[in-house]
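Structure file coords-v4.txt (compact mmCIF, C-alpha atoms and all ligand atoms) follows.
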# COMPACT_ATOMS: atom_id res chain seq x y z
CA MET A 1 39.50 108.76 18.16
CA THR A 2 36.99 109.63 15.43
CA ASP A 3 34.71 112.58 15.93
CA PRO A 4 31.27 111.08 16.66
CA LEU A 5 29.65 113.89 14.67
CA SER A 6 31.94 113.56 11.65
CA ALA A 7 29.47 112.31 9.03
CA PHE A 8 26.94 114.94 10.11
CA THR A 9 29.38 117.80 10.44
CA ALA A 10 30.81 116.94 7.01
CA LEU A 11 27.44 117.81 5.43
CA PRO A 12 27.12 121.22 3.76
CA PRO A 13 25.34 123.77 6.02
CA ASP A 14 22.03 123.64 4.13
CA TRP A 15 21.85 119.85 4.48
CA ARG A 16 22.79 120.11 8.18
CA ALA A 17 19.93 122.54 8.71
CA TRP A 18 17.56 120.29 6.76
CA VAL A 19 18.48 117.26 8.88
CA ARG A 20 18.11 119.25 12.15
CA ASP A 21 14.74 120.70 11.12
CA ASN A 22 13.33 117.35 10.03
CA LEU A 23 14.47 115.61 13.22
CA ALA A 24 12.93 118.43 15.24
CA ARG A 25 9.65 117.83 13.38
CA ALA A 26 9.93 114.11 14.32
CA CYS A 27 10.28 112.98 10.71
CA LEU A 28 11.15 109.32 10.35
CA PRO A 29 14.91 108.92 9.84
CA ALA A 30 14.24 106.25 7.19
CA ASP A 31 12.12 108.73 5.18
CA MET A 32 14.88 111.31 5.49
CA VAL A 33 17.36 108.81 4.08
CA ASP A 34 15.03 108.28 1.10
CA SER A 35 14.87 112.03 0.48
CA MET A 36 18.65 112.42 0.62
CA VAL A 37 19.12 109.51 -1.78
CA ARG A 38 16.51 110.99 -4.14
CA SER A 39 18.46 114.24 -4.24
CA GLY A 40 21.11 112.27 -6.09
CA GLN A 41 23.84 113.59 -3.80
CA TYR A 42 24.08 110.77 -1.23
CA SER A 43 24.10 107.03 -1.09
CA ALA A 44 21.73 105.42 1.43
CA GLU A 45 24.74 104.45 3.52
CA ALA A 46 26.15 108.01 3.62
CA ALA A 47 22.71 109.47 4.40
CA ARG A 48 22.15 106.99 7.25
CA ALA A 49 25.56 107.73 8.75
CA ALA A 50 25.00 111.49 8.65
CA ILE A 51 21.47 111.35 10.09
CA ALA A 52 22.44 108.83 12.79
CA GLN A 53 25.20 111.16 13.99
CA ALA A 54 23.08 114.32 13.97
CA PRO A 55 22.11 115.85 17.32
CA GLY A 56 18.56 114.83 18.16
CA CYS A 57 18.49 111.60 16.16
CA PRO A 58 16.83 108.90 18.28
CA ALA A 59 19.34 106.33 19.51
CA GLY A 60 19.27 103.14 17.45
CA ALA A 61 17.19 104.77 14.70
CA PHE A 62 18.78 102.54 12.11
CA ALA A 63 20.16 99.79 14.31
CA ALA A 64 16.93 97.90 14.97
CA ALA A 65 16.10 96.74 11.48
CA PRO A 66 18.33 94.29 9.66
CA ALA A 67 18.96 95.16 6.04
CA GLN A 68 16.08 94.12 3.82
CA PRO A 69 15.52 94.36 0.10
CA TYR A 70 13.34 97.35 -0.85
CA ILE A 71 11.95 99.14 -3.87
CA ASP A 72 12.52 102.88 -3.74
CA THR A 73 8.99 104.02 -4.48
CA GLY A 74 10.00 107.68 -4.30
CA ALA A 75 12.52 107.53 -7.10
CA ALA A 76 12.10 107.14 -10.83
CA ALA A 77 13.68 103.79 -11.64
CA PRO A 78 15.77 104.26 -14.76
CA ASP A 79 16.84 100.67 -15.05
CA GLY A 80 14.13 99.06 -17.19
CA PRO A 81 14.70 97.39 -20.54
CA GLY A 82 16.36 99.62 -23.12
CA GLY A 83 16.96 102.31 -20.49
CA ARG A 84 13.22 103.03 -20.19
CA ALA A 85 11.86 103.87 -16.77
CA VAL A 86 10.14 101.11 -14.88
CA GLU A 87 6.57 102.18 -13.97
CA LEU A 88 5.39 102.17 -10.38
CA LEU A 89 1.83 100.78 -10.56
CA PHE A 90 1.02 100.50 -6.85
CA ALA A 91 2.75 100.20 -3.49
CA LEU A 92 1.44 98.90 -0.21
CA ARG A 93 3.67 100.05 2.63
CA ASP A 94 3.14 97.47 5.37
CA PRO A 95 3.62 94.70 4.47
CA ALA A 96 5.61 95.95 1.50
CA VAL A 97 3.95 94.88 -1.76
CA VAL A 98 4.95 96.76 -4.91
CA LEU A 99 3.80 96.27 -8.49
CA LEU A 100 6.12 97.50 -11.23
CA GLY A 101 5.26 97.70 -14.93
CA GLY A 102 7.66 97.52 -17.85
CA VAL A 103 10.32 95.56 -15.98
CA LEU A 104 10.77 93.19 -18.94
CA ASP A 105 10.08 93.83 -22.61
CA ASP A 106 8.29 91.31 -24.84
CA ALA A 107 11.53 89.92 -26.25
CA GLU A 108 12.89 89.25 -22.75
CA CYS A 109 9.67 87.51 -21.68
CA ALA A 110 9.87 85.37 -24.82
CA ALA A 111 13.55 84.55 -24.26
CA LEU A 112 12.97 83.32 -20.69
CA ARG A 113 10.01 81.24 -21.83
CA GLN A 114 11.89 79.78 -24.79
CA HIS A 115 14.84 78.85 -22.61
CA CYS A 116 12.52 76.65 -20.54
CA ASP A 117 10.65 75.04 -23.45
CA GLY A 118 10.91 71.27 -23.09
CA ARG A 119 12.33 71.53 -19.55
CA TYR A 120 9.16 71.62 -17.46
CA SER A 121 8.14 69.04 -14.91
CA ARG A 122 5.25 69.01 -12.44
CA SER A 123 5.76 71.63 -9.71
CA THR A 124 6.71 70.56 -6.21
CA VAL A 125 6.66 72.13 -2.76
CA THR A 126 9.21 71.76 0.04
CA ALA A 127 7.79 69.58 2.82
CA GLU A 128 8.08 71.02 6.33
CA ASP A 129 8.76 67.64 7.97
CA ASP A 130 11.67 66.29 5.93
CA GLY A 131 12.54 69.15 3.56
CA ALA A 132 12.00 66.98 0.48
CA SER A 133 10.51 68.41 -2.71
CA ALA A 134 7.23 66.68 -3.41
CA VAL A 135 4.28 67.02 -5.76
CA HIS A 136 1.35 68.57 -3.90
CA GLN A 137 -2.30 68.82 -4.85
CA GLY A 138 -2.27 72.50 -3.85
CA ARG A 139 0.23 73.32 -6.62
CA THR A 140 -0.82 71.97 -9.99
CA SER A 141 1.43 73.98 -12.32
CA ASP A 142 4.61 72.86 -14.10
CA MET A 143 8.02 74.32 -13.28
CA ALA A 144 11.46 74.79 -14.80
CA PHE A 145 14.63 76.46 -13.51
CA ILE A 146 17.18 78.72 -15.16
CA ALA A 147 20.62 78.27 -13.64
CA ARG A 148 22.75 81.40 -13.35
CA GLY A 149 25.02 81.73 -16.38
CA ASP A 150 22.80 79.54 -18.60
CA CYS A 151 20.82 82.30 -20.28
CA ALA A 152 22.21 85.77 -21.03
CA VAL A 153 18.76 87.40 -20.91
CA ALA A 154 18.02 85.84 -17.51
CA ASP A 155 21.36 87.11 -16.20
CA ARG A 156 20.55 90.61 -17.44
CA VAL A 157 17.08 90.57 -15.89
CA GLU A 158 18.53 89.24 -12.65
CA ARG A 159 20.92 92.21 -12.47
CA ARG A 160 18.01 94.56 -13.13
CA LEU A 161 16.01 93.04 -10.26
CA ALA A 162 19.04 93.24 -7.97
CA ALA A 163 19.32 96.97 -8.72
CA LEU A 164 15.58 97.55 -8.24
CA ALA A 165 15.53 95.72 -4.88
CA HIS A 166 18.92 97.02 -3.70
CA TRP A 167 19.93 93.44 -3.08
CA PRO A 168 23.01 91.59 -4.38
CA VAL A 169 22.53 89.18 -7.28
CA GLU A 170 24.40 86.52 -5.29
CA ARG A 171 21.60 86.43 -2.72
CA GLY A 172 18.96 85.46 -5.26
CA GLU A 173 17.78 81.92 -5.93
CA PRO A 174 17.88 80.98 -9.63
CA PHE A 175 14.75 81.87 -11.63
CA GLN A 176 11.97 79.35 -11.21
CA LEU A 177 9.42 79.46 -14.03
CA GLN A 178 5.86 78.36 -13.37
CA ARG A 179 3.47 77.48 -16.18
CA TYR A 180 -0.24 77.15 -15.48
CA GLY A 181 -2.70 75.68 -17.97
CA ILE A 182 -6.45 75.90 -17.57
CA GLY A 183 -7.48 74.92 -14.03
CA ASN A 184 -3.93 75.02 -12.67
CA GLU A 185 -3.35 76.97 -9.47
CA TYR A 186 -1.16 77.37 -6.40
CA ARG A 187 -3.34 77.48 -3.32
CA ALA A 188 -2.68 79.86 -0.42
CA HIS A 189 0.83 79.45 0.99
CA PHE A 190 3.82 81.35 2.31
CA ASP A 191 7.12 81.75 0.51
CA TRP A 192 9.17 82.02 3.71
CA LEU A 193 10.86 78.98 5.13
CA ASN A 194 9.51 77.96 8.50
CA PRO A 195 12.30 78.16 11.10
CA ASP A 196 10.23 75.96 13.42
CA ALA A 197 10.02 73.11 10.90
CA ALA A 198 12.87 70.60 10.80
CA GLY A 199 12.58 70.14 7.03
CA HIS A 200 12.86 73.86 6.34
CA ARG A 201 15.80 74.41 8.68
CA ALA A 202 18.04 72.46 6.30
CA HIS A 203 17.06 74.88 3.51
CA LEU A 204 17.57 77.89 5.78
CA ALA A 205 21.13 76.71 6.36
CA ARG A 206 21.92 77.63 2.76
CA GLY A 207 21.39 81.36 2.20
CA GLY A 208 19.08 82.02 5.14
CA GLN A 209 15.49 83.24 4.97
CA ARG A 210 13.61 84.12 1.79
CA LEU A 211 13.24 87.77 2.69
CA ALA A 212 11.47 88.83 -0.47
CA THR A 213 9.77 87.49 -3.59
CA PHE A 214 9.70 88.79 -7.13
CA ILE A 215 7.04 87.36 -9.44
CA LEU A 216 7.68 88.29 -13.07
CA TYR A 217 4.65 87.91 -15.32
CA LEU A 218 5.89 86.49 -18.62
CA SER A 219 2.49 86.17 -20.31
CA GLU A 220 -0.90 87.74 -20.41
CA VAL A 221 -3.69 85.49 -19.10
CA GLU A 222 -7.06 85.52 -20.85
CA GLN A 223 -9.02 84.89 -17.65
CA GLY A 224 -8.18 84.07 -14.05
CA GLY A 225 -4.67 83.51 -12.71
CA ALA A 226 -4.42 86.53 -10.41
CA THR A 227 -1.92 86.52 -7.58
CA VAL A 228 -4.18 86.86 -4.54
CA PHE A 229 -3.32 88.00 -1.00
CA PRO A 230 -6.39 86.95 1.04
CA LYS A 231 -5.31 88.69 4.25
CA LEU A 232 -4.67 91.95 2.42
CA GLY A 233 -7.77 91.89 0.23
CA LEU A 234 -5.48 92.26 -2.76
CA GLU A 235 -5.57 90.68 -6.22
CA VAL A 236 -2.88 91.34 -8.80
CA PHE A 237 -3.78 90.51 -12.39
CA PRO A 238 -0.93 89.30 -14.60
CA ARG A 239 0.32 91.76 -17.22
CA LYS A 240 3.19 90.65 -19.40
CA GLY A 241 6.42 92.40 -18.37
CA SER A 242 5.21 93.46 -14.91
CA ALA A 243 6.94 92.42 -11.70
CA LEU A 244 5.35 91.99 -8.30
CA PHE A 245 7.68 92.46 -5.33
CA PHE A 246 6.79 91.65 -1.73
CA LEU A 247 8.62 91.19 1.55
CA ASN A 248 7.99 87.86 3.27
CA THR A 249 9.40 88.88 6.62
CA ASP A 250 8.91 91.78 9.01
CA ALA A 251 11.59 94.34 9.85
CA ALA A 252 13.12 91.94 12.39
CA GLY A 253 13.41 89.19 9.75
CA ARG A 254 10.54 87.11 11.19
CA PRO A 255 8.05 85.37 8.87
CA ASP A 256 5.10 87.69 8.25
CA PRO A 257 1.78 85.78 8.17
CA ARG A 258 0.10 88.66 6.31
CA THR A 259 2.02 87.58 3.19
CA LEU A 260 -0.22 84.55 2.64
CA HIS A 261 -0.83 84.40 -1.11
CA ALA A 262 -2.04 82.18 -3.91
CA GLY A 263 -2.00 81.82 -7.68
CA ALA A 264 -5.72 81.68 -8.54
CA PRO A 265 -6.82 79.05 -11.07
CA VAL A 266 -6.33 79.97 -14.72
CA LEU A 267 -9.76 79.96 -16.37
CA ALA A 268 -8.76 80.65 -19.97
CA GLY A 269 -5.37 80.89 -21.66
CA CYS A 270 -2.01 80.06 -20.13
CA LYS A 271 -0.04 81.82 -17.39
CA VAL A 272 3.74 81.82 -17.19
CA ILE A 273 5.64 83.53 -14.37
CA ALA A 274 9.23 83.57 -13.17
CA ASN A 275 9.82 83.54 -9.42
CA LYS A 276 12.97 85.02 -7.91
CA TRP A 277 13.42 84.68 -4.17
CA LEU A 278 15.84 86.98 -2.40
CA ARG A 279 17.66 85.34 0.49
CA ALA A 280 19.20 86.93 3.57
CA GLY A 281 22.66 85.72 2.54
CA ASP A 282 24.49 84.39 -0.51
CA TYR A 283 22.72 81.44 -2.04
O1 LIG A 301 1.15 82.13 -9.54
C1 LIG A 301 1.19 83.09 -8.77
O2 LIG A 301 0.64 84.16 -9.07
C2 LIG A 301 1.85 82.96 -7.44
C3 LIG A 301 2.98 81.95 -7.47
C4 LIG A 301 3.60 81.76 -6.13
O3 LIG A 301 3.20 82.31 -5.17
C5 LIG A 301 4.77 80.86 -5.98
O4 LIG A 301 5.14 80.20 -6.97
O5 LIG A 301 5.33 80.81 -4.88
FE FE A 302 4.41 82.02 -3.47
Could I get this file's structure written as structure tokens?
Ligand SMILES: O=C(O)CCC(=O)C(=O)O
Ligand SMILES: [Fe+2]
Amino acid sequence: MTDPLSAFTALPPDWRAWVRDNLARACLPADMVDSMVRSGQYSAEAARAAIAQAPGCPAGAFAAAPAQPYIDTGAAAPDGPGGRAVELLFALRDPAVVLLGGVLDDAECAALRQHCDGRYSRSTVTAEDDGASAVHQGRTSDMAFIARGDCAVADRVERRLAALAHWPVERGEPFQLQRYGIGNEYRAHFDWLNPDAAGHRAHLARGGQRLATFILYLSEVEQGGATVFPKLGLEVFPRKGSALFFLNTDAAGRPDPRTLHAGAPVLAGCKVIANKWLRAGDY
């Protein structure tokens, strides 16, 4: 039989003392995991195992939440283009909304855009009743997709996002580009699939829920075009090369209504974004 304290007792004495002291001070086990990972000495998995097995750790401290994508806002992210650090511009904790700068360089933004030149068609939305993709007056942009393996730059960026969100590449939907001309918008909506809607259940069957969204801003916009979260009082203005990350579901994997968001009308210029949705399972 394995020693139930093995992962904890295997820690060096100073780490054991640190874990004990922090638990005694009622620190959140999840925050302790972040600190151990930031030290560069432990993976998240090893840190969780050690803390979970420490005396005084609340039962089920890590069991309740299913794994979710996350951005480690405490760590410098070394995995930007050309090895430059990605910049953390802001982070909202609950619901998790994180804006990162310098995720793509100008050449990468241009390459994704060029790949889609001549491939756009009017954007659609997935109907809740029958699951069909249909043009909708609430979404007036054009869209184009980049299939995995079709564009080396897209594949590289996809791996970068997977590392930033701690989520396997295989669980991501292919990039969906959105191009908005003047007056184009995407009115308030959710990105999660509605488990109570027959039409969305068919989409849930492949890959599960859309746990998180990345919006990559591939252009500047002269005026308008912010990504707006009306329930959070938050507006994010497009900056070329930045990436907006948000979770669509709560810690239990349920759709989170606070994530209502919109692409505000473009008033001058043109807005191009790439969406990447992270699913619960392989897509
Ligand atoms: O255009 C935006 O800023 C938001 C786009 C969006 O929410 C979507 O395509 O699902
Ligand atoms: Fe959206």
**Item:** Selected residue of minimal separation from ligand LIG 301 (chain A) among A:Cys109, A:Leu164, A:Ala96, A:Ala226, counting all atoms listed in the file
**Value:**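 Smallest distance to ligand LIG 301 (chain A) is found for A:Ala226.
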So that I can see what lies close to Gly225 (chain A), please list as a compact mmCIF listing (two decimals) with C-alpha atoms, keeping the file's coordinate frame the residues with an atom at most 9 Å from it, counting all atoms listed in the file and leaving out residues fewer than 4 positions away in the same chain.
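Result file out-v3.txt:
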# COMPACT_ATOMS: atom_id res chain seq x y z
CA TYR A 180 -0.24 77.15 -15.48
CA ASN A 184 -3.93 75.02 -12.67
CA GLU A 185 -3.35 76.97 -9.47
CA VAL A 221 -3.69 85.49 -19.10
CA VAL A 236 -2.88 91.34 -8.80
CA PHE A 237 -3.78 90.51 -12.39
CA PRO A 238 -0.93 89.30 -14.60
CA GLY A 263 -2.00 81.82 -7.68
CA ALA A 264 -5.72 81.68 -8.54
CA PRO A 265 -6.82 79.05 -11.07
CA VAL A 266 -6.33 79.97 -14.72
CA LEU A 267 -9.76 79.96 -16.37
CA ALA A 268 -8.76 80.65 -19.97
CA CYS A 270 -2.01 80.06 -20.13
CA LYS A 271 -0.04 81.82 -17.39
**Prompt:** Between CA of Asp79 (chain A) and CA of Ile273 (chain A), what is the distance, to one decimal in Å?
**Reply:**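 A separation of 20.5 Å between them.
Proximity to Thr73 (chain A) was assessed for A:Ala132, A:Ala165, A:Asp155, A:Gly172 counting only C-alpha atoms; the smallest distance is recorded for A:Ala165.
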**Item:** At most 10 Å from ligand LIG 301 (chain A) (all atoms listed in the file): residue list as a PyMOL selection string
**Value:** chain A and resi 123-125+139+141+143+176-180+184-192+213-217+225-229+235-238+244+259-266+271-277
**Prompt:** Contacts of Arg159 (chain A) at 12 Å or less, counting all atoms listed in the file, minus same-chain residues fewer than 3 places along, as a list in words?
**Reply:**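 Near Arg159 (chain A), the qualifying residues are Asp79, Gly80, Pro81, Val103, Arg148, Gly149, Ala152, Val153, Ala154, Asp155, Arg156, Ala162, Ala163, Leu164, Ala165, His166, Trp167, Pro168, Val169, Glu170, Arg171, Gly172, Pro174 and Lys276 of chain A.
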